[in-house]
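Notes to accompany the following structure.
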Amino acid sequence: MIEAPTAAGTQSAAPPVWNAADVRRDFPILHHVDRPVAYLDNAATSQKPDAVIAATTRYYKSANANIHRGVYRLSVEATDAFEAARTKVAAFIGAPDRDELIFTGGCTESINLVAMTWGLENLRKGERIILTQMEHHSNIVPWQLLAQRTGAVIEVVPISAAGELDIGAYQQLLTQKAALVAVTHISNVLGTINPIAVMSKMAHEHGAKILVDGAQSVPHMPVDVKQLGCDFFAFAGHKMCGPTGIGGLWAPRGILEAMPPYQGGGDMISTVEFAGSTWNKIPHKFEAGTPNIAGAIGLGAAVDYLSHLDMRQVAHIEAQLLAYAEKQLQTIPGLRFVGAAADKASVISFTLDGIHPHDIGTILDQEHVAIRTGHHCCQPLMDFYHIPATARASLAFYNTPADIDALVNGLRRVIEVFA
Amino acid sequence: MIEAPTAAGTQSAAPPVWNAADVRRDFPILHHVDRPVAYLDNAATSQKPDAVIAATTRYYKSANANIHRGVYRLSVEATDAFEAARTKVAAFIGAPDRDELIFTGGCTESINLVAMTWGLENLRKGERIILTQMEHHSNIVPWQLLAQRTGAVIEVVPISAAGELDIGAYQQLLTQKAALVAVTHISNVLGTINPIAVMSKMAHEHGAKILVDGAQSVPHMPVDVKQLGCDFFAFAGHKMCGPTGIGGLWAPRGILEAMPPYQGGGDMISTVEFAGSTWNKIPHKFEAGTPNIAGAIGLGAAVDYLSHLDMRQVAHIEAQLLAYAEKQLQTIPGLRFVGAAADKASVISFTLDGIHPHDIGTILDQEHVAIRTGHHCCQPLMDFYHIPATARASLAFYNTPADIDALVNGLRRVIEVFA
Amino acid sequence: MSDLRDLYQQTIIDHTRRPRNFRPMPDADHHARGHNPLCGDRLELYLKLSGDRITEATFTGAGCAISTASASMMTEAVKGRTIAEAQLLFEKFRILLTTPIHENVSLDGLDKLEVFGGVREYPVRVKCATLAWHTLEAALKRDDHEAKTE
Amino acid sequence: MSDLRDLYQQTIIDHTRRPRNFRPMPDADHHARGHNPLCGDRLELYLKLSGDRITEATFTGAGCAISTASASMMTEAVKGRTIAEAQLLFEKFRILLTTPIHENVSLDGLDKLEVFGGVREYPVRVKCATLAWHTLEAALKRDDHEAKTE
Ligand SMILES: Cc1ncc(COP(=O)(O)O)c(C=O)c1O
Ligand SMILES: Cc1ncc(COP(=O)(O)O)c(C=O)c1O
C-alpha cells in the first residue's frame with residue numbers, strides 16, 4: 001500500500017493535503033452500511049458529498065421559488081442563490097466574466113447547444129469539423145447531425161497505439177477549410193490529457209474555432225479556460241460532485257452575443273409579440289424556461305467543496321493513486337492496458353486475455369468492486385483498437401489504495417472463475 | 001372562512017378527502033420557522049413534500065450511479081429506479097405505453113424538442129401553426145424560431161374579454177393549411193381550462209396535429225392523454241411537487257418513432273461510426289447524455305404523492321378554495337379580475353385601480369404573502385387586455401382559507417398605503 | 001424587516017398620484033423611450049436644452065409607483081442643470097440606491113431625491129427607480145435605442 | 001447475494017472456452033447477424049434446413065462468456081429439431097431467465113440449457129443469454145436485419 005499522502009510529499013507551494021479518511025466521511029454513500037463498495041466508476045458519474053446533498057435539500061425546504069420574475073423575498077433569495085452559483089462555477093473554470101457561463105442540463109446538452117446555434121449559423125457546405133478518434137459519442141453525434149443539415153464534413157484526428165493525438169495530422173487537417181475543432185480535454189477511456197492550449201493556438205492560426213469537451217477534466221484538475229485558449233468549453237455537474245441534470249457551457253461574451261438563441265421560451269426573451277420577439281442579454285438568452293434551480297445551487301456547493309479541497313491537491317492525490325493502481329495491476333497475468341499516454345489522468349482501461357470485459361464487471365460486482373465495462377460511449381475508439389469493449393476503473397480523490405487492492409483481488413478471482 | 005373540506009362535501013364516488021393540516025405537514029417550507037409565508041405563487045412553481053426531497057436525497061446517499069450502461073448492482077438499481085419513475089409518470093398522465101414518455105428538462109424543453117424534430121421535419125413554407133392569444137412564451141417562441149427556419153406562418157386564435165377561446169375562429173383557422181395546433185391546457189394567467197378534447201377532434205378532422213401545453217393542468221386535475229386525444233403533451237415536474245430540471249413529453253409511439261432525434265450523444269444511439277450513426281429505440285432516442293436521474297426519481301415520488309392524494313380530490317379542494325377566494329376578493333374596492341372563464345382553475349389574476357401590480361407584490365411580500373406580479377411570460381395576453389401586468393394569486397391544494405384571508409388583508413393594507 | 005413606509009414614503013405616493021411634468025413635448029430637442037421588461041413599465045422622456053443646460057423635462061407613460069415618482073422627481077431635479085450636473089446627480093442617486101447606508105460618501109445635492117433611499121432594501125425595485133435616469137442618459141446621447149433596465 | 005458459480009457454471013465456462021459448432025458455413029440456407037450494443041457482442045448464425053427441420057447450426061463472433069456459451073449450447077440444442085420445436089425451446093428458455101424460480105411452469109426439455117437459470121439473478125445479463133436465440137429467430141424469418149437485444 002502507498003502511504004496516505006502527507007504535506008511532506010507535495011511541492012512546497014501547494015497547501016498541505018487533506019486526509020483521505022476525512023474526505024471519505026463527507027460522502028454518505030461510501031460508508032453506506034448495506035453495501036460498502038469500492039466505487040471505481042467515477043468517469044461515469046461521481047459520488048456526492050453531504051454539502052451538495054444538503055444544499056439542494058435546504059433550497060427545497062426553505063427557499064424554493066421560481067426565479068428572475070418574482071418581487072417577493074423567497075423568489076429574490078432563490079434568484080440570488082442561483083446567480084451566486086453561476087458566479088462560483090464561472091470562477092472555478094477561470095471564466096473572465098460570470099455572464100459567460102450558461103447553465104445547461106449537462107455536457108451533452110452544452111455541445112448540442114453550440115452545434116445547433118453557432119454551428120447552424122456558421123458552418124457552410126464543404127467546411128470541416130475536426131474531431132478526434134477518442135471522442136465520446138456526445139462529442140460526435142451532435143456534429144454528425146449538424147453535418148447532415150449543413151453539408152459540412154467531419155474529419156478525424158488519428159491517434160497512436162498509446163492513445164495520443166497525432167498533432168502532425170491535426171496540423172494537416174487544419175489547412176483544409178477547417179471551421180471548427182471539437183476535442184475532448186481528457187479521454188474518458190484512455191485517460192489521455194490532450195494538449196489543448198497548443199491545439200487552440202493552432203486552430204486559431206487557421207481561423208478555426210475550438211470546442212473543448214471538459215466532462216473529464218473539470219472534476220480532476222485545475223481548469224482555466226483562458227489558459228486553454230478555447231472558444232467553447234462544455235462540462236457536466238454530475239461528474240464533479242454535483243447533482244444530475246446540470247452542466248455548463250462557457251464561451252466568450254462576443255461569441256455568445258453573436259449566437260442565435262437555442263431553445264425559445266420564458267426568461268430568454270426581452271419582448272414577445274406574435275409579430276416577432278427580441279432576446280434577453282446573456283446568459284439568459286440561452287436559458288429558456290425554468291432552469292434546474294436546485295441543480296445549479298447544488299453545483300455551486302460542489303464547486304465550493306472542490307475549491308476547499310484545492311484542485312491541485314485533487315490532481316496530486318489522483319496521480320498517486322493512479323501510479324499505485326498501474327503498478328498493482330501489472331501483477332495480473334494477461335492484463336493489457338488500453339491507453340498509455342505520457343500525460344494521463346486517473347482512468348485505467350484494460351482487457352484480460354480470453355475474458356470478456358462484461359464478465360469481468362459482473363464478477364467484480366460480486367466482489368463489491370464497481371467498475372464500468374463496455375464501449376464507454378466511444379465506439380469509434382473501440383473500433384480503432386479492434387476490441388468490442390474494455391473494462392475501466394476510473395479513480396477519484398476519495399478512492400484509497402484499499403479500493404485498488406479490492407480491484408486487484410477481484411481480478412484474481414475473475415481469473416480463477418475462468419481457469 | 002370555509003370549512004376544511006370533508007368527505008360529506010364531495011361526490012359519493014370520490015374517496016374521502018384528506019385534512020388540509022395533515023397535508024401541510026408534508027411540506028417543510030410551509031412551516032419554516034424563520035418565515036411562514038402564504039405561498040400563492042403555485043403557477044410559477046409548487047412547493048415540495050418531504051417524500052420528494054427524501055427520494056432524491058436517498059438516491060444520492062445510497063444508490064447514485066450512472067444508468068443504462070453499468071453491469072454492477074448500483075448502476076442496475078439506479079437504472080431500475082429511473083425507469084420505474086418513467087412508468088409511474090406515464091401512468092399518471094394516462095399514457096398507454098410507458099416507452100412513450102420522454103424525460104426532458106422541463107415543459108419549455110419538451111415544446112422545443114417537438115418544434116426542432118417533428119416541426120423541422122414536417123412543417124412546410126406557408127403552412128400554418130395555430131397558437132392562441134393566451135399562450136405562455138414557452139409555447140410561442142419555439143414556434144417563432146421554427147417559423148423563421150421553415151417559412152411556416154403563425155396564426156392566433158382570439159379570445160373573448162372573459163378569456164375564453166373563440167372556437168368559431170379556431171374552426172376557421174383550421175381550414176387554412178393548418179399543420180399544427182399548439183395550445184395550453186390551462187392558462188397560467190387566466191385560469192381558463194381549454195376544451196382540448198373538442199379541439200383535438202377538430203384539429204384531426206383538418207389533418208392537423210395538436211400539441212398541448214400541460215404545465216398548468218397536470219398539477220391541478222386528473223389528466224388522461226387518451227381522453228384529450230392530442231398528439232403531443234408537454235409538462236413540467238417543478239410545478240407538480242417535483243424537482244426542478246425535470247419534465248416530460250408524451251406522444252404516441254408511431255409519431256415518436258418517425259421523428260428524427262433531438263440532441264445527439266450517449267445513450268440515444270445504437271451504433272456510432274464516423275461514417276454515420278443509428279438511433280436507439282424510444283424513449284432513449286430522445287434522451288441524449290446523462291439524464292437528470294435524481295430529478296426523474298423525485299418526479300416519480302411526486303407522482304406517488306399526488307396519486308395518493310388523488311387528483312380528483314386535489315381539483316375538488318382547489319375549486320373550493322377558488323370559490324372562497326373569489327368571494328373574498330370581491331369585497332376589495334377597485335379590484336378587477338382578469339379572466340372569468342366558465343371553466344376555470346385556481347389561478348386568479350387581478351388589478352387594483354390606480355395601483356401598479358409591482359407595488360402590490362412588494363407590499364404583500366411585507367405582509368408575508370407571496371404572489372406573482374408582471375406579465376407572467378404572457379406578453380401577448382397583456383397586450384390583448386391593454387395592461388402592462390397583473391397581480392396573480394395561484395392556489396394549490398395545500399393552501400388554506402387562512403392564506404386567502406392573509407391575501408385579502410394584505411390588499412387592504414396596499415390600499416391604505418396608497419390612500 | 002424594514003418598514004413599508006421606508007419605501008413608500010409620502011413624497012413618493014404623492015408624486016405617483018400626481019406626477020409633475022407629465023405631458024408630451026412635441027417640440028422637444030431630445031427624446032427617448034424607456035422600458036423595464038420585468039414589470040412592463042414604459043416611459044417616454046422629452047428634453048429641451050439651451051446649450052448644454054436642460055431647460056425643460058417632461059415625461060409620459062405607465063409604471064409602478066417607484067418608477068413614476070422617480071420620473072416625476074427627476075424631471076424636477078434636472079431642470080436648470082447642465083448635462084454634466086445631471087450625470088453627476090444620477091451617479092449619486094445610483095449610489096444612494098445600491099450602497100450600504102453607512103458608507104462614507106457624500107450624497108450632498110440629492111435633496112428631495114433622498115426619499116428613494118428606502119429602495120436600497122428592495123434590490124428588485126432598484127430598476128424601477130433608475131428607469132427614468134437610464135432614459136435620460138439615452139435621450140442625452142440622442143440614442144434612438146430604447147433604454148432598458150434589463 | 002447469490003454465488004458466482006450459479007452464474008458461471010462449469011458447463012458455461014467450458015462452452016465459452018471451447019465453443020461447439022464455432023465456424024462459418026458458406027453453404028448455409030439461413031444466416032443472420034446479432035448485435036448487443038450494450039456490450040458490443042456480435043455473432044453470426046448459420047443454419048441448414050431440411051424441410052422445416054434444422055439439420056445444422058453453426059456460429060462465429062465475439063462476445064462475453066454468457067453469450068458465447070449460450071450460442072454454443074443453442075446450436076447443439078436446436079440441431080435435429082423442427083422450427084416450431086426450436087421456437088418453443090426459446091420460449092421456455094426465456095421463461096427460465098426471467099421468471100421467478102418458484103413459478104409452476106414446466107420447463108421440461110430445456111435439459112442442459114438449465115445451467116442458464118443463474119442468469120435470472122443478473123437482469124442485465126439476460127440480453128447476453130438471449131442474443132443467440134434472437135438471432136436464430138431472425139435467421140428463420142430470413143430477416144436481413146440485424147437482431148438486436150436493445
Ligand atoms: C402554461 C405554461 N407553459 C409553459 C411553462 C414553462 O414551463 P417550464 O417552467 O418547465 O419552463 C409554464 C411555466 O412557467 C407555464 O405556466
Ligand atoms: C468525455 C465525455 N464527454 C461527454 C460526456 C457526456 O456528458 P453528460 O454525462 O453530461 O451527458 C461524458 C460522460 O458521459 C464524457 O465522459
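So you can find residues: chains in the C-alpha cells are A, B, ... in the order shown, residues in each start at 1, and ligands are numbered from 1 in order.
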Selection near Gly63 in chain D, 10 Å with only C-alpha atoms, sequence-local residues under 5 positions removed, as a compact mmCIF listing (two decimals) with N, CA and C atoms, in the first residue's frame:
# COMPACT_ATOMS: atom_id res chain seq x y z
N ILE A 355 -10.95 -13.24 -21.54
CA ILE A 355 -12.12 -13.00 -20.70
C ILE A 355 -12.77 -11.69 -21.13
N HIS A 356 -14.06 -11.77 -21.39
CA HIS A 356 -14.76 -10.59 -21.91
C HIS A 356 -14.98 -9.59 -20.78
N PRO A 357 -14.82 -8.29 -21.06
CA PRO A 357 -15.00 -7.26 -20.03
C PRO A 357 -16.33 -7.37 -19.29
N HIS A 358 -17.36 -7.74 -19.99
CA HIS A 358 -18.67 -7.86 -19.37
C HIS A 358 -18.64 -8.86 -18.21
N ASP A 359 -17.93 -9.96 -18.42
CA ASP A 359 -17.82 -10.96 -17.36
C ASP A 359 -16.96 -10.45 -16.20
N PRO A 388 -14.23 -5.07 -28.75
CA PRO A 388 -15.64 -4.69 -28.59
C PRO A 388 -15.86 -3.83 -27.36
N ALA A 389 -14.96 -3.91 -26.40
CA ALA A 389 -15.23 -3.28 -25.11
C ALA A 389 -13.94 -3.30 -24.29
N THR D 16 -17.70 -21.61 -23.19
CA THR D 16 -17.08 -20.34 -23.56
C THR D 16 -15.66 -20.57 -24.08
N HIS D 35 -26.44 -8.51 -32.60
CA HIS D 35 -25.60 -7.45 -32.02
C HIS D 35 -26.21 -7.00 -30.70
N ASN D 36 -25.40 -6.95 -29.67
CA ASN D 36 -25.83 -6.37 -28.40
C ASN D 36 -25.02 -5.10 -28.18
N CYS D 39 -22.85 -4.27 -24.82
CA CYS D 39 -21.52 -4.80 -24.50
C CYS D 39 -20.69 -5.05 -25.75
N GLY D 40 -21.29 -4.78 -26.91
CA GLY D 40 -20.51 -4.93 -28.13
C GLY D 40 -20.48 -6.36 -28.66
N ASP D 41 -21.22 -7.28 -28.03
CA ASP D 41 -21.26 -8.65 -28.54
C ASP D 41 -21.81 -8.68 -29.96
N ARG D 42 -21.14 -9.44 -30.80
CA ARG D 42 -21.61 -9.63 -32.17
C ARG D 42 -21.50 -11.10 -32.51
N LEU D 43 -22.53 -11.65 -33.15
CA LEU D 43 -22.37 -13.02 -33.63
C LEU D 43 -23.09 -13.21 -34.95
N THR D 68 -21.51 -16.29 -25.51
CA THR D 68 -20.81 -17.31 -26.29
C THR D 68 -21.28 -18.71 -25.91
N ALA D 69 -21.37 -18.97 -24.62
CA ALA D 69 -21.83 -20.28 -24.18
C ALA D 69 -23.27 -20.52 -24.63
N ALA D 71 -24.76 -19.29 -27.26
CA ALA D 71 -24.78 -19.58 -28.71
C ALA D 71 -24.30 -21.01 -28.95
N CYS D 128 -27.53 -10.97 -22.81
CA CYS D 128 -26.38 -11.74 -23.30
C CYS D 128 -26.83 -13.17 -23.62
N LEU D 131 -29.18 -13.37 -26.84
CA LEU D 131 -28.76 -12.84 -28.14
C LEU D 131 -28.78 -13.90 -29.23
For range 404-406 of chain A, list every protein, DNA or RNA residue within 8 Å, evaluated using only C-alpha atoms, and leave out those in the same chain fewer than 6 positions away; present the list as a list of chain:residue names.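 Close residues of range 404-406 of chain A: A:Ala38, A:Ala325, A:Gln328, A:Glu367, A:Val369.
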With only C-alpha atoms as the counted atoms, please give the residues lying no more than 10 Å from Val417 in chain B, apart from itself and same-chain residues fewer than 3 positions off, as a list in words. Ile363, Leu411, Arg412, Arg413 and Val414 of chain B; Leu4, Arg5, Tyr8, Gln9, Gln10 and Ile13 of chain C
Now that the selection is made, can you save its residues with N, CA and C atoms as a compact mmCIF listing (two decimals), in the first residue's frame?
# COMPACT_ATOMS: atom_id res chain seq x y z
N ILE B 363 -45.71 45.14 -1.43
CA ILE B 363 -46.37 45.37 -0.14
C ILE B 363 -46.90 44.04 0.43
N LEU B 411 -54.15 43.08 0.83
CA LEU B 411 -54.61 44.02 -0.19
C LEU B 411 -55.25 45.26 0.44
N ARG B 412 -55.89 45.06 1.56
CA ARG B 412 -56.42 46.25 2.27
C ARG B 412 -55.27 47.15 2.71
N ARG B 413 -54.19 46.55 3.13
CA ARG B 413 -53.01 47.33 3.53
C ARG B 413 -52.44 48.08 2.32
N VAL B 414 -52.41 47.42 1.17
CA VAL B 414 -51.93 48.06 -0.06
C VAL B 414 -52.73 49.34 -0.32
N LEU C 4 -42.56 49.36 5.66
CA LEU C 4 -43.03 49.67 4.31
C LEU C 4 -42.90 51.16 3.99
N ARG C 5 -43.12 51.97 5.04
CA ARG C 5 -43.10 53.42 4.80
C ARG C 5 -41.71 53.92 4.42
N TYR C 8 -42.35 53.29 0.58
CA TYR C 8 -43.43 54.12 0.05
C TYR C 8 -43.61 55.37 0.90
N GLN C 9 -42.59 56.25 0.84
CA GLN C 9 -42.67 57.50 1.59
C GLN C 9 -43.78 58.37 1.02
N GLN C 10 -44.27 59.27 1.87
CA GLN C 10 -45.41 60.08 1.46
C GLN C 10 -45.10 60.87 0.19
N ILE C 13 -45.58 58.56 -2.79
CA ILE C 13 -47.01 58.35 -3.05
C ILE C 13 -47.60 59.60 -3.73
For range 182-188 of chain A: contacts at 10 Å, only C-alpha atoms, fewer than 2 positions along chain excluded, given as a ChimeraX atom specification: /A:42-44,111,129-136,139-140,143,156-157,163-164,180,190-196,199,209-218,220,228,232-234,339,343-349,376-378,392,394
Compute the chain B side of the contact with chain A at 6 Å, counting only C-alpha atoms, and hand it back as a ChimeraX atom specification. /B:28-29,44-45,61-62,66,70,72,108,112,137-138,141-142,244-245,263-266,272-273,289,291-293,365,370,372,377,379-380
Based on DSSP run over this structure's backbone, return all residues of range 66-280 of chain B in strand (DSSP E), as a ChimeraX atom specification. /B:101-104,128-132,153-157,178-184,209-213,232-236,247-250,269-273,276-279
What's the 8 Å shell around Val314 in chain B, counting only C-alpha atoms, without same-chain residues fewer than 3 positions away, as a list of chain:residue names? B:His220, B:Met221, B:Leu309, B:Asp310, B:Met311, B:Ile317, B:Glu318, B:Phe397
Prev. selection, N, CA, C and O atoms, output as a compact mmCIF listing (two decimals), in the first residue's frame:
# COMPACT_ATOMS: atom_id res chain seq x y z
N HIS B 220 -53.00 20.04 -11.31
CA HIS B 220 -54.24 20.52 -10.69
C HIS B 220 -55.49 19.73 -11.04
O HIS B 220 -56.56 20.02 -10.51
N MET B 221 -55.40 18.76 -11.92
CA MET B 221 -56.59 17.99 -12.27
C MET B 221 -56.15 16.63 -12.81
O MET B 221 -55.00 16.45 -13.21
N LEU B 309 -52.92 11.34 -2.85
CA LEU B 309 -53.95 12.34 -2.52
C LEU B 309 -55.17 12.17 -3.41
O LEU B 309 -56.29 12.47 -3.00
N ASP B 310 -54.93 11.74 -4.65
CA ASP B 310 -55.99 11.57 -5.65
C ASP B 310 -56.26 12.91 -6.35
O ASP B 310 -56.73 13.86 -5.74
N MET B 311 -55.99 12.96 -7.62
CA MET B 311 -56.10 14.23 -8.34
C MET B 311 -57.54 14.75 -8.41
O MET B 311 -57.77 15.95 -8.55
N ILE B 317 -60.71 20.24 -3.93
CA ILE B 317 -60.27 21.17 -2.88
C ILE B 317 -59.90 22.52 -3.47
O ILE B 317 -60.25 23.57 -2.93
N GLU B 318 -59.20 22.47 -4.59
CA GLU B 318 -58.77 23.75 -5.18
C GLU B 318 -59.98 24.54 -5.69
O GLU B 318 -59.98 25.77 -5.63
N PHE B 397 -53.45 22.77 -3.57
CA PHE B 397 -54.26 22.02 -2.61
C PHE B 397 -53.80 22.22 -1.16
O PHE B 397 -54.56 22.00 -0.24
Atom pair CA of Gly354 in chain B + CA of Cys64 in chain C, distance 9.6 Å
Assign secondary structure with DSSP using the backbone only, and return the residues of range 91-142 of chain C in alpha helix (DSSP H) as a ChimeraX atom specification. /C:91-98,126-140
Closest to chain A among D:Gly117, D:Pro100, D:Gly109, D:Pro37, using only C-alpha atoms? D:Pro37
Extract, using only C-alpha atoms, all DNA, RNA and protein residues at most 10 Å from range 84-93 of chain C, discarding same-chain residues fewer than 2 positions from it, and format them as a VMD selection string. chain C and resid 52 to 54 74 77 to 82 95 to 98 105 to 110 113 to 114 116 to 117 129 to 130 133 to 134 136 to 137 140
Please identify all residues of chain D having at least one atom at most 8 Å from any atom of chain B, considering only C-alpha atoms, and return them as a ChimeraX atom specification. /D:37-38,124-125,150
What separation in Å, quoted to one decimal, exists between CA of Asp353 in chain A and atom 13 (C, counted along the ligand's line) of ligand 2?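 CA of Asp353 in chain A sits 27.1 Å away from atom 13 (C, counted along the ligand's line) of ligand 2.
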Would you mind reading off the distance between CA of Val89 in chain B and CA of Ala197 in chain B, one decimal, in Å?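 Between these atoms lies a distance of 21.0 Å.
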